[in-house]
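This report concerns only the one structure given below.
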Amino acid sequence: MARQLIKGNEAMAEAAVRAGLEAYFGYPITPQTEILEHLSRRLPELGRAFVQAESEVAAINMVYGAACTGVRVMSSSSSPGVSLMMEGISYIAGTEVPCVLINVMRGGPGLGNIAPAQGDYFQAVYGGGHGDYKPIVLAPSTVQESIDLTVLAFDLAEKYRAIAMVLTDGSLGQMMEPAELPELRPVVRKDWDWAVTGAMGRPRRILSSIYLEPHDEEITNLRLMKRWFEIEKHEVRYKEYYLDDAEIVVVGFGTAGRVALSAVREARQMGLKVGLLRPVTLSPFPFHVLDELSKQAQGFLVVEMNTGQMLNDVLLAVKGRAPVEFYGRPGGVVPFADEILAEIQRMTSSPLSVAGDPRKAWLERMLAAAK
Amino acid sequence: MATLDVEIVKPENQVYCRPHSFTDFSTHYCPGCTHGVAHRLIAEALDEMGVQERTIGVAPVGCSVFAYNYFDVDFVEAAHGRAPAMATGIKRVLPDRVVFTYQGDGDLASIGMAEIMHAAGRGENITVIFINNAIYGMTGGQMAPTTLPGQKTTSSPLGRDVELQGYPLRMSEMIAKMDGAGYVVRRSLHDPANIRKAKKAIRTAFETQVRGLGFSMVELLSTCPTNWGITPIDALKWVETNMVPVFPIGDFKVSSAVGDLRF
Amino acid sequence: MPAKGWIEVSDQYCKGCELCISACPQGVIELDMSRLTPKGYHPAHLFKDGCTGCAICALVCPDAAITVYREVVKAAPAGA
């Protein structure tokens with residue numbers, strides 16, 4: 001297919017349609033409403049299901065219903081709306097039916113603003129809803145990657161009967177870039193052995209997240225855990241830039257990773273031995289990659305658009321073997337490459353230490369700069 | 001003990017037996033609870049219409065949370081109040097199936113208020129069976145949106161005070177005002193004549209769905225002997241004496257297409 | 001001549017709620033106090049003759065525990 005100039009939100013919506021999306025249930029919320037609007041036109045055109053629900057609560061439950069029938073189904077929202085969906089997400093996880101969700105993050109907490117942010121990492125990666133489960137979380141950093149990861153999300157969700165969330169932000173949702181959409185796949189309804197479709201010619205099925213007997217619930221939890229380890233083994237994805245001889249490793253995802261790449265390239269021009277690790281799957285997280293890097297790197301710089309969330313996972317992976325620093329712009333502020341370059345320069349020109357709290361040190365620098 | 005005339009007990013003389021759409025499970029409902037009657041009427045309707053194999057039920061949270069154990073049809077379990085949204089998701093992707101929700105007064109009229117109003121507003125071709133027993137049964141007898149003024153419950157121990165706790169909600173009347181609603185009626189299960197009318201209404205509701213005539217709901221005045229603290233027989237009388245005046249039995253929306261149905 | 005009927009009440013399902021007893025127009029049902037179902041209820045049963053097979057008991061039964069039989073008595077031929 002030809003490359004076209006396309007907006008991130010529209011690209012993800014159309015990518016889902018091309019991947020065989022059969023049903024979308026959503027609610028307007030900035031900065032992702034283009035997804036809803038695009039699908040309100042496209043899905044009826046193709047004879048597929050679209051409903052603008054009365055709330056995100058209703059939307060996620062419509063997704064839950066459709067997911068139980070085994071069709072490819074999706075919803076999308078932004079941070080406050082995703083919070084509303086957490087109950088439904090837990091139910092979907094507990095019932096082990098597949099679905100795709102898109103979270104176009106914005107500044108928070110609370111109503112916040114409509115500017116790009118990465119404040120929902122914890123919520124997404126650690127489940128978000130009640131109970132023990134983890135969704136697969138994919139983080140694009142370009143419009144093309146947004147397309148590719150949306151298509152991948154459907155495949156992964158079905159492969160593992162899991163929730164696959166595309167975790168992006170308002171910047172990527174709104175920007176327009178040249179990108180290529182896949183061919184339109186015909187909808188193929190699979191004959192799942194678990195789907196609820198009306199018990200024609202077979203014993204009837206029940207799909208529920210109820211396991212009243214604690215021992216049965218434990219078995220379910222262990223099953224989910226076992227499946228999680230399979231996902232961890234096979235589905236970790238990440239991108240490496242200039243890491244072969246890197247002394248400072250910058251770690252960033254999504255827009256933060258994209259801006260950090262510009263900074264890293266400039267630093268290389270200046271002769272600094274810096275590289276970038278950009279996780280593409282936030283869940284499963286590339287722990288083993290950081291583990292390896294921690295044996296060679298002299299320091300890590302985690303860059304995020306929040307107050308340090310992926311930071312925790314990097315600290316976990318590095319295990320104190322090397323110093324980890326943090327640079328964050330929360331609240332909907334997007335960092336510029338020169339800010340990150342300044343941090344890299346600071347790190348290469350002053351001693352680093354594993355002692356101390358990287359978040360606290362960052363906060364002190366931020367507050368000092370604000371004066 | 002009456003004398004058995006074995007001539008009578010023959011298959012050709014059988015005038016009533018347990019519905020085919022029921023599983024073999026004995027229900028967990030309290031003795032005399034009219035949930036069982038409502039379940040039975042639904043199963044009978046599904047049998048009569050021959051739609052067992054293409055029916056998908058959506059179970060609520062409440063005493064009937066295990067409804068999926070009692071009907072021999074495909075079933076899903078919804079979060080509290082969300083059944084109409086789940087049913088919407090299912091019906092939109094499988095429009096030729098018979099999709100019904102079964103909900104109590106907390107599930108439908110409290111936490112699920114938005115979902116039921118909008119499913120009806122959108123005219124979703126689903127059938128909702130609404131069990132109104134003026135109390136929250138499963139959680140031990142708290143006040144419901146349908147609890148009567150003055151009625152004592154565990155969260156209105158002095159009796160429902162309308163000044164502080166508001167008035168009961170008449171869901172059928174409210175939902176009937178929606179243009180998307182095709183058939184919205186209230187019936188009662190408190191005596192044989194009313195049970196027969198309830199059965200006819202449930203059948204009509206499913207026929208409404210199957211013919212694509214809009215959203216259908218049957219509200220059923222029901223008992224909760226355990227949490228009302230009276231016997232099952234007295235509970236039926238309580239419905240007649242106390243609930244019917246507040247929740248009138250009647251037809252609140254019967255579209256002309258539904259009115260013309262003959263089956 | 002009234003129809004003759006019979007009911008079978010299942011021990012598996014009957015919970016002794018007595019709604020059938022209250023509803024029976026012939027008053028021929030009562031709880032069998034001499035025995036218990038596996039769940040510990042006294043099940044309903046016909047305790048005297050007179051059942052017409054009207055099935056009102058089955059209509060009100062919350063547990064679908066009752067199977068009803070009615071012997072159809074053929075009308076006498078005209079002029080008999």
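Identifiers for the structure tokens are assigned positionally: chains receive A, B, ... in sequence, residues are indexed from 1 per chain, and ligands are indexed from 1 in the order shown.
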
Running DSSP on the backbone, which parts of chain C land in strand (DSSP E or B), as a PDB file with C-alpha atoms, in the first residue's frame?
```
ATOM      1  CA  LYS C   4     -58.852 -36.831  37.265  1.00  0.00           C
ATOM      2  CA  GLY C   5     -55.304 -35.753  37.847  1.00  0.00           C
ATOM      3  CA  TRP C   6     -52.073 -36.681  39.550  1.00  0.00           C
ATOM      4  CA  ILE C   7     -48.906 -34.834  40.495  1.00  0.00           C
ATOM      5  CA  GLU C   8     -45.388 -36.045  41.054  1.00  0.00           C
ATOM      6  CA  VAL C   9     -43.293 -33.761  43.243  1.00  0.00           C
ATOM      7  CA  ILE C  29     -51.675 -31.018  48.680  1.00  0.00           C
ATOM      8  CA  GLU C  30     -49.839 -30.868  51.975  1.00  0.00           C
ATOM      9  CA  LEU C  31     -46.271 -31.291  53.199  1.00  0.00           C
ATOM     10  CA  ALA C  44     -45.219 -31.498  49.098  1.00  0.00           C
ATOM     11  CA  HIS C  45     -47.466 -34.414  48.129  1.00  0.00           C
ATOM     12  CA  LEU C  46     -51.057 -35.325  47.397  1.00  0.00           C
ATOM     13  CA  ILE C  66     -44.017 -30.711  39.870  1.00  0.00           C
ATOM     14  CA  THR C  67     -45.033 -32.909  36.977  1.00  0.00           C
ATOM     15  CA  VAL C  68     -48.773 -32.921  36.370  1.00  0.00           C
ATOM     16  CA  TYR C  69     -50.903 -35.590  34.742  1.00  0.00           C
ATOM     17  CA  ARG C  70     -54.509 -35.215  33.713  1.00  0.00           C
ATOM     18  CA  GLU C  71     -56.660 -38.026  32.480  1.00  0.00           C
TER      19      GLU C  71
END
```

**Prompt:** Mind listing as JSON, numbers by chain which residues of chain B are within 9 Å of chain A, counting only C-alpha atoms?
**Reply:** {"B": [52, 53, 54, 55, 56, 58, 68, 69, 72, 73, 74, 75, 76, 77, 78, 79, 82, 83, 84, 85, 86, 87, 88, 89, 90, 91, 92, 93, 94, 97, 98, 114, 115, 118]}

**Request:** Please provide the set of residues having any atom within 8 Å of Ala176 (chain B), restricted to only C-alpha atoms, with same-chain residues fewer than 5 positions apart removed, written as a ChimeraX atom specification.
**Result:** /B:181,183-184,252-253

Quick one: contact table of chain B to chain C, 9 Å max, nearest atom pair and distance in Å to one decimal per residue, counting only C-alpha atoms, chain and number order, as a Markdown table?
```
| residue | atom | partner | partner_atom | distance |
| --- | --- | --- | --- | --- |
| B:Met1 | CA | C:Phe47 | CA | 4.0 |
| B:Ala2 | CA | C:Lys48 | CA | 4.0 |
| B:Thr3 | CA | C:Asp49 | CA | 6.4 |
| B:Leu4 | CA | C:Trp6 | CA | 7.5 |
| B:Asp5 | CA | C:Trp6 | CA | 8.2 |
| B:Glu7 | CA | C:Glu71 | CA | 8.0 |
| B:Ile8 | CA | C:Glu71 | CA | 5.3 |
| B:Val9 | CA | C:Tyr69 | CA | 6.0 |
| B:Lys10 | CA | C:Tyr69 | CA | 7.4 |
| B:Pro11 | CA | C:Tyr69 | CA | 8.2 |
| B:Glu12 | CA | C:Tyr69 | CA | 8.5 |
| B:Asn13 | CA | C:Tyr69 | CA | 5.1 |
| B:Gln14 | CA | C:Tyr69 | CA | 4.3 |
| B:Val15 | CA | C:Tyr69 | CA | 5.5 |
| B:Tyr16 | CA | C:Val68 | CA | 5.0 |
| B:Cys17 | CA | C:Thr67 | CA | 4.5 |
| B:Arg18 | CA | C:Ala64 | CA | 5.4 |
| B:Pro19 | CA | C:Ala64 | CA | 7.7 |
| B:Phe25 | CA | C:Tyr13 | CA | 8.5 |
| B:Ser26 | CA | C:Tyr13 | CA | 5.5 |
| B:Thr27 | CA | C:Asp63 | CA | 7.1 |
| B:Tyr29 | CA | C:Asp63 | CA | 8.9 |
| B:Cys30 | CA | C:Lys15 | CA | 8.2 |
| B:Pro31 | CA | C:Cys17 | CA | 4.9 |
| B:Gly32 | CA | C:Cys17 | CA | 4.8 |
| B:Cys33 | CA | C:Pro62 | CA | 6.6 |
| B:Thr34 | CA | C:Pro62 | CA | 5.8 |
| B:His35 | CA | C:Pro62 | CA | 6.9 |
| B:Gly36 | CA | C:Pro62 | CA | 4.0 |
| B:Val37 | CA | C:Pro62 | CA | 4.3 |
| B:Ala38 | CA | C:Pro62 | CA | 7.8 |
| B:His39 | CA | C:Pro62 | CA | 8.1 |
| B:Arg40 | CA | C:Ala64 | CA | 6.7 |
| B:Leu41 | CA | C:Leu59 | CA | 8.9 |
| B:Leu189 | CA | C:Val60 | CA | 8.3 |
| B:His190 | CA | C:Val60 | CA | 8.6 |
| B:Asp191 | CA | C:Val60 | CA | 7.3 |
| B:Pro192 | CA | C:Val60 | CA | 6.3 |
| B:Ile195 | CA | C:Leu59 | CA | 7.3 |
| B:Arg196 | CA | C:Leu59 | CA | 7.9 |
| B:Thr231 | CA | C:Cys17 | CA | 8.5 |
| B:Pro232 | CA | C:Cys17 | CA | 6.6 |
| B:Ile233 | CA | C:Leu19 | CA | 6.1 |
```

**Item:** Spatial neighbours of Phe22 (chain B), max dist 7 Å, only C-alpha atoms, sep filter under 5 positions, as number ranges by chain
**Value:** B: 43, 70-72

**Prompt:** So how many Å separate CA of Val280 (chain A) and CA of Pro358 (chain A), to one decimal?
**Reply:** 23.3 Å

**Prompt:** Among region 41-143 of chain B, which residues carry a DSSP assignment of helix (DSSP H, G or I), reported as a VMD selection string?
**Reply:** chain B and resid 41 to 49 52 to 54 63 to 69 83 to 93 105 to 111 113 to 121

Put those residues in a file: N, CA and C atoms, as a compact mmCIF listing (two decimals), in the first residue's frame.
```txt
# COMPACT_ATOMS: atom_id res chain seq x y z
N LEU B 41 -40.75 -19.40 33.83
CA LEU B 41 -41.53 -18.80 32.74
C LEU B 41 -40.63 -18.49 31.55
N ILE B 42 -39.41 -18.03 31.82
CA ILE B 42 -38.47 -17.75 30.73
C ILE B 42 -38.13 -19.05 30.00
N ALA B 43 -37.82 -20.07 30.77
CA ALA B 43 -37.46 -21.36 30.15
C ALA B 43 -38.61 -21.89 29.32
N GLU B 44 -39.83 -21.75 29.83
CA GLU B 44 -41.00 -22.22 29.08
C GLU B 44 -41.12 -21.45 27.76
N ALA B 45 -40.91 -20.14 27.82
CA ALA B 45 -41.02 -19.32 26.59
C ALA B 45 -39.96 -19.75 25.57
N LEU B 46 -38.74 -19.97 26.05
CA LEU B 46 -37.67 -20.38 25.13
C LEU B 46 -38.01 -21.73 24.50
N ASP B 47 -38.58 -22.64 25.31
CA ASP B 47 -38.99 -23.95 24.79
C ASP B 47 -40.06 -23.78 23.71
N GLU B 48 -41.09 -22.99 24.03
CA GLU B 48 -42.21 -22.82 23.09
C GLU B 48 -41.75 -22.23 21.77
N MET B 49 -40.79 -21.30 21.86
CA MET B 49 -40.32 -20.64 20.65
C MET B 49 -39.24 -21.44 19.94
N GLN B 52 -33.86 -22.29 22.11
CA GLN B 52 -32.85 -22.61 23.13
C GLN B 52 -31.42 -22.54 22.58
N GLU B 53 -31.25 -23.09 21.37
CA GLU B 53 -29.90 -23.21 20.84
C GLU B 53 -29.31 -21.88 20.36
N ARG B 54 -30.16 -20.88 20.18
CA ARG B 54 -29.55 -19.63 19.77
C ARG B 54 -29.77 -18.51 20.80
N CYS B 63 -28.98 -11.99 43.82
CA CYS B 63 -29.31 -13.38 44.12
C CYS B 63 -29.23 -14.24 42.87
N SER B 64 -29.55 -13.67 41.73
CA SER B 64 -29.57 -14.49 40.51
C SER B 64 -28.23 -14.50 39.79
N VAL B 65 -27.15 -14.23 40.51
CA VAL B 65 -25.82 -14.24 39.91
C VAL B 65 -25.50 -15.60 39.29
N PHE B 66 -26.09 -16.65 39.85
CA PHE B 66 -25.83 -17.99 39.31
C PHE B 66 -26.92 -18.44 38.34
N ALA B 67 -27.66 -17.50 37.79
CA ALA B 67 -28.70 -17.86 36.83
C ALA B 67 -28.14 -18.75 35.73
N TYR B 68 -26.84 -18.54 35.43
CA TYR B 68 -26.24 -19.34 34.36
C TYR B 68 -26.20 -20.83 34.68
N ASN B 69 -26.36 -21.18 35.94
CA ASN B 69 -26.37 -22.60 36.29
C ASN B 69 -27.69 -23.27 35.98
N ALA B 83 -25.16 -5.51 32.66
CA ALA B 83 -25.72 -6.51 31.74
C ALA B 83 -26.27 -5.92 30.44
N PRO B 84 -27.02 -4.80 30.49
CA PRO B 84 -27.52 -4.28 29.21
C PRO B 84 -26.40 -3.88 28.26
N ALA B 85 -25.27 -3.41 28.82
CA ALA B 85 -24.13 -3.05 27.95
C ALA B 85 -23.51 -4.31 27.36
N MET B 86 -23.35 -5.35 28.18
CA MET B 86 -22.81 -6.62 27.67
C MET B 86 -23.73 -7.18 26.61
N ALA B 87 -25.03 -7.13 26.89
CA ALA B 87 -26.00 -7.66 25.93
C ALA B 87 -25.92 -6.89 24.62
N THR B 88 -25.72 -5.58 24.72
CA THR B 88 -25.55 -4.76 23.51
C THR B 88 -24.36 -5.25 22.70
N GLY B 89 -23.23 -5.47 23.39
CA GLY B 89 -22.03 -5.94 22.71
C GLY B 89 -22.27 -7.26 22.00
N ILE B 90 -23.01 -8.16 22.63
CA ILE B 90 -23.27 -9.47 22.04
C ILE B 90 -24.25 -9.34 20.88
N LYS B 91 -25.35 -8.62 21.09
CA LYS B 91 -26.40 -8.54 20.05
C LYS B 91 -25.91 -7.82 18.81
N ARG B 92 -25.02 -6.84 19.00
CA ARG B 92 -24.54 -6.10 17.84
C ARG B 92 -23.67 -6.97 16.94
N VAL B 93 -22.97 -7.94 17.52
CA VAL B 93 -22.13 -8.81 16.67
C VAL B 93 -22.83 -10.10 16.29
N ASP B 105 -33.37 -5.39 41.27
CA ASP B 105 -33.58 -3.95 41.38
C ASP B 105 -32.32 -3.16 41.69
N GLY B 106 -31.33 -3.78 42.34
CA GLY B 106 -30.07 -3.06 42.54
C GLY B 106 -29.31 -2.99 41.23
N ASP B 107 -29.22 -4.13 40.57
CA ASP B 107 -28.47 -4.24 39.33
C ASP B 107 -29.04 -3.30 38.27
N LEU B 108 -30.35 -3.27 38.13
CA LEU B 108 -30.93 -2.50 37.04
C LEU B 108 -31.22 -1.05 37.42
N ALA B 109 -31.76 -0.83 38.62
CA ALA B 109 -32.25 0.52 38.94
C ALA B 109 -31.27 1.35 39.75
N SER B 110 -30.23 0.74 40.24
CA SER B 110 -29.26 1.53 40.99
C SER B 110 -27.98 1.67 40.18
N ILE B 111 -27.06 0.76 40.37
CA ILE B 111 -25.76 0.90 39.71
C ILE B 111 -25.87 0.80 38.19
N MET B 113 -28.30 1.99 36.27
CA MET B 113 -29.29 2.92 35.73
C MET B 113 -28.90 3.45 34.35
N ALA B 114 -27.65 3.88 34.21
CA ALA B 114 -27.23 4.43 32.91
C ALA B 114 -27.33 3.38 31.82
N GLU B 115 -26.87 2.16 32.14
CA GLU B 115 -26.83 1.13 31.10
C GLU B 115 -28.22 0.74 30.62
N ILE B 116 -29.20 0.63 31.54
CA ILE B 116 -30.54 0.21 31.11
C ILE B 116 -31.21 1.34 30.33
N MET B 117 -31.06 2.58 30.80
CA MET B 117 -31.71 3.69 30.12
C MET B 117 -31.20 3.82 28.69
N HIS B 118 -29.89 3.69 28.53
CA HIS B 118 -29.33 3.88 27.20
C HIS B 118 -29.55 2.69 26.28
N ALA B 119 -29.57 1.49 26.83
CA ALA B 119 -29.88 0.35 25.98
C ALA B 119 -31.30 0.51 25.43
N ALA B 120 -32.21 0.94 26.31
CA ALA B 120 -33.59 1.17 25.86
C ALA B 120 -33.63 2.35 24.91
N GLY B 121 -32.90 3.39 25.24
CA GLY B 121 -32.87 4.59 24.39
C GLY B 121 -32.37 4.30 23.00
```

**Request:** Would you list the contacts of Thr220 (chain A) as a ChimeraX atom specification, taking every protein, DNA or RNA residue within 10 Å and counting only C-alpha atoms, but skipping same-chain residues closer than 6 positions in sequence?
**Result:** /A:94-96,209,211,214,226

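Taking only C-alpha atoms into account, Lys319 (chain A) lies nearest to A:Phe300 out of the set A:Phe336, A:Tyr133, A:Phe300, A:Tyr238.
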
**Shell of 9 Å around region 258-275 of chain A, only C-alpha atoms, local chain residues under 2 positions omitted, as a ChimeraX atom specification** = /A:141-142,240-256,277-278,303,334-342,344-345,348

**Prompt:** What's the 6 Å shell around Pro98 (chain A), counting only C-alpha atoms, without same-chain residues fewer than 4 positions away, as JSON, numbers by chain?
**Reply:** {"A": [157, 158, 161, 162, 163]}

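Across the structure, CA of Met74 (chain A) and CA of Ile6 (chain A) are spaced 20.4 Å apart.
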